[in-house]
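These notes are about the structure you will find just below.
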Amino acid sequence: MKKAILATKVGMTQIFKEDGTLVPVTVLEAGPCVVTQIKTADNDGYEAVQVGYGEAKDRITVKDKSGKKEVVHEHGVPKAQQGVYKKAGVEGSRKYLREFRFENTADYKVGQEIRADIFAEGDKIDATAISKGKGFLSAIQKGQHRGPMGHGSKFHRHQGSNNSSSDPSRVYKGKVMPGHVGTEQVTVRNLEIVRVDADKNLILVKGAIPGPKKGLVTIKETTKAEA
């Protein structure tokens with residue numbers, strides 16, 4: 001991997017190509033990311049580039065006296081993470097701190113900015129984000145069939161039989177059951193970049209990308225390009 005960047009999901013829209021084709025795109029505000037540390041094989045056992053993204057306030061402690069009990073609230077970036085930015089000579093704190101294992105790690109320097117223009121129109125990427133949380137869903141909402149809807153059924157939206165009684169006398173792994181859905185890391189591979197606006201740090205990607213608006217998205221050059 002030679003190219004990667006952190007981005008924030010702005011939303012979806014559609015644009016027209018030069019041939020008049022209408023393309024649905026996801027708008028991402030990519031970077032600028034600042035290099036905060038270079039990991040080397042001698043010092044860390046592996047090679048990687050650590051980057052920070054998104055402005056954030058330093059963590060402060062606020063004391064709130066509610067009744068007889070004193071409650072302490074902490075907001076912002078932890079002090080340990082603040083030290084990373086101070087050591088790198090970076091002004092201000094960053095909301096996110098991630099590592100990329102680039103093939104050309106030696107080409108990067110501490111304090112260097114990684115901007116949206118590292119990608120170009122037509123590049124294929126993999127996008128990773130945390131999917132939207134759906135909360136606790138029933139078995140019906142997760143794809144199982146409902147029961148008869150007649151008045152005498154008394155079995156409308158309940159789950160059916162989970163397993164055979166005597167053999168295997170257990171519920172198989174992977175059985176669809178009620179439970180929490182969403183907030184999982186999802187990677188969509190081999191997406192196409194339709195347009196790059198370096199001045200506004202915007203990247204327009206064809207199709208949908210998981211996660212809510214303002215969610216963090218990691219963009220990497222694809223590892224599974226179509227032949």
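Here, A, B, ... name the chains of the structure tokens in the order displayed, residue numbers run from 1 inside each chain, and ligands are numbered from 1 in the same displayed order.
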
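Excluding A:Val217 itself and same-chain residues fewer than 4 positions from it, the residues having an atom within 9 Å of it are Ile5, Leu6, Ala7, Thr8, Lys9, Leu28, Ala30, Ala127, Thr128, Ala129, Ile130, Ile209, Pro210 and Gly211 of chain A, counting only C-alpha atoms.
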
Per DSSP on the backbone, what are the strand (DSSP E or B) residues of stretch 5-208 of chain A, as number ranges by chain? A: 5-16, 22-30, 33-39, 48-56, 58, 60-66, 69-75, 77, 93-100, 113-114, 124-130, 135-137, 179-181, 185-197, 202-206

Write down as a PyMOL selection string the residues of stretch 26-152 of chain A whose backbone DSSP state falls under alpha helix (DSSP H). chain A and resi 41-44+79-88

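Every protein, DNA or RNA residue with an atom at most 7 Å from stretch 156-172 of chain A, where only C-alpha atoms count and chain neighbours fewer than 2 positions away do not, is listed here: Ala139, Ile140, Arg146, Gly147, Pro148, Met149, Ser153, Lys154, Gly174 and Lys175 of chain A.
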
A:Ile219, A:Val181, A:Val194, A:Ile38 ranked by distance to A:Gly207, top pick (using only C-alpha atoms): A:Val194

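Taking atom CA of A:Met1 and atom CA of A:Ile125 as endpoints, the distance between them is 10.8 Å.
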
Of the residues A:Gln14, A:Lys224, A:Gly133, A:Lys2, which is the one nearest to A:Val27, using only C-alpha atoms?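 Nearest candidate to A:Val27 out of A:Gln14, A:Lys224, A:Gly133, A:Lys2: A:Gln14.
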
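In this comparison, which uses only C-alpha atoms, the residue of A:Gln112, A:Thr105, A:Thr36, A:Ser131 approaching A:Tyr85 most closely is A:Thr36.
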
Can you measure atom CA of A:Asp123 to atom CA of A:Glu221 for me? One decimal in Å is fine. 7.6 Å

List the neighbours of stretch 45-47 of chain A out to 12 Å using only C-alpha atoms; skip same-chain residues closer than 4 positions along the sequence, and give me the result as a ChimeraX atom specification. /A:37-41,99-108

Could you list, as a list in words, every residue within 8 Å of stretch 119-122 of chain A, counting only C-alpha atoms and ignoring same-chain residues fewer than 5 positions away? Lys3, Glu192, Ile193, Val194, Arg195 and Val196 of chain A

Residue selection dump (N, CA and C atoms) as a CSV table (one decimal), in the first residue's frame:
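Result saved to selection.csv:
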chain,number,residue,atom,x,y,z
A,3,LYS,N,-0.8,4.5,-0.8
A,3,LYS,CA,-1.6,5.7,-0.6
A,3,LYS,C,-2.8,5.4,0.4
A,192,GLU,N,-14.6,3.3,-7.0
A,192,GLU,CA,-13.9,4.2,-8.0
A,192,GLU,C,-14.1,5.7,-7.6
A,193,ILE,N,-12.9,6.4,-7.6
A,193,ILE,CA,-13.0,7.8,-7.4
A,193,ILE,C,-13.4,8.6,-8.6
A,194,VAL,N,-14.5,9.3,-8.5
A,194,VAL,CA,-15.0,10.0,-9.7
A,194,VAL,C,-14.4,11.4,-9.9
A,195,ARG,N,-14.2,12.1,-8.7
A,195,ARG,CA,-13.6,13.5,-8.8
A,195,ARG,C,-12.9,13.8,-7.5
A,196,VAL,N,-11.8,14.6,-7.7
A,196,VAL,CA,-11.0,15.1,-6.5
A,196,VAL,C,-10.9,16.6,-6.6

Counting only C-alpha atoms, which of A:Met177, A:Lys214, A:Pro24, A:Arg115 gets nearest to A:Asp197? A:Arg115
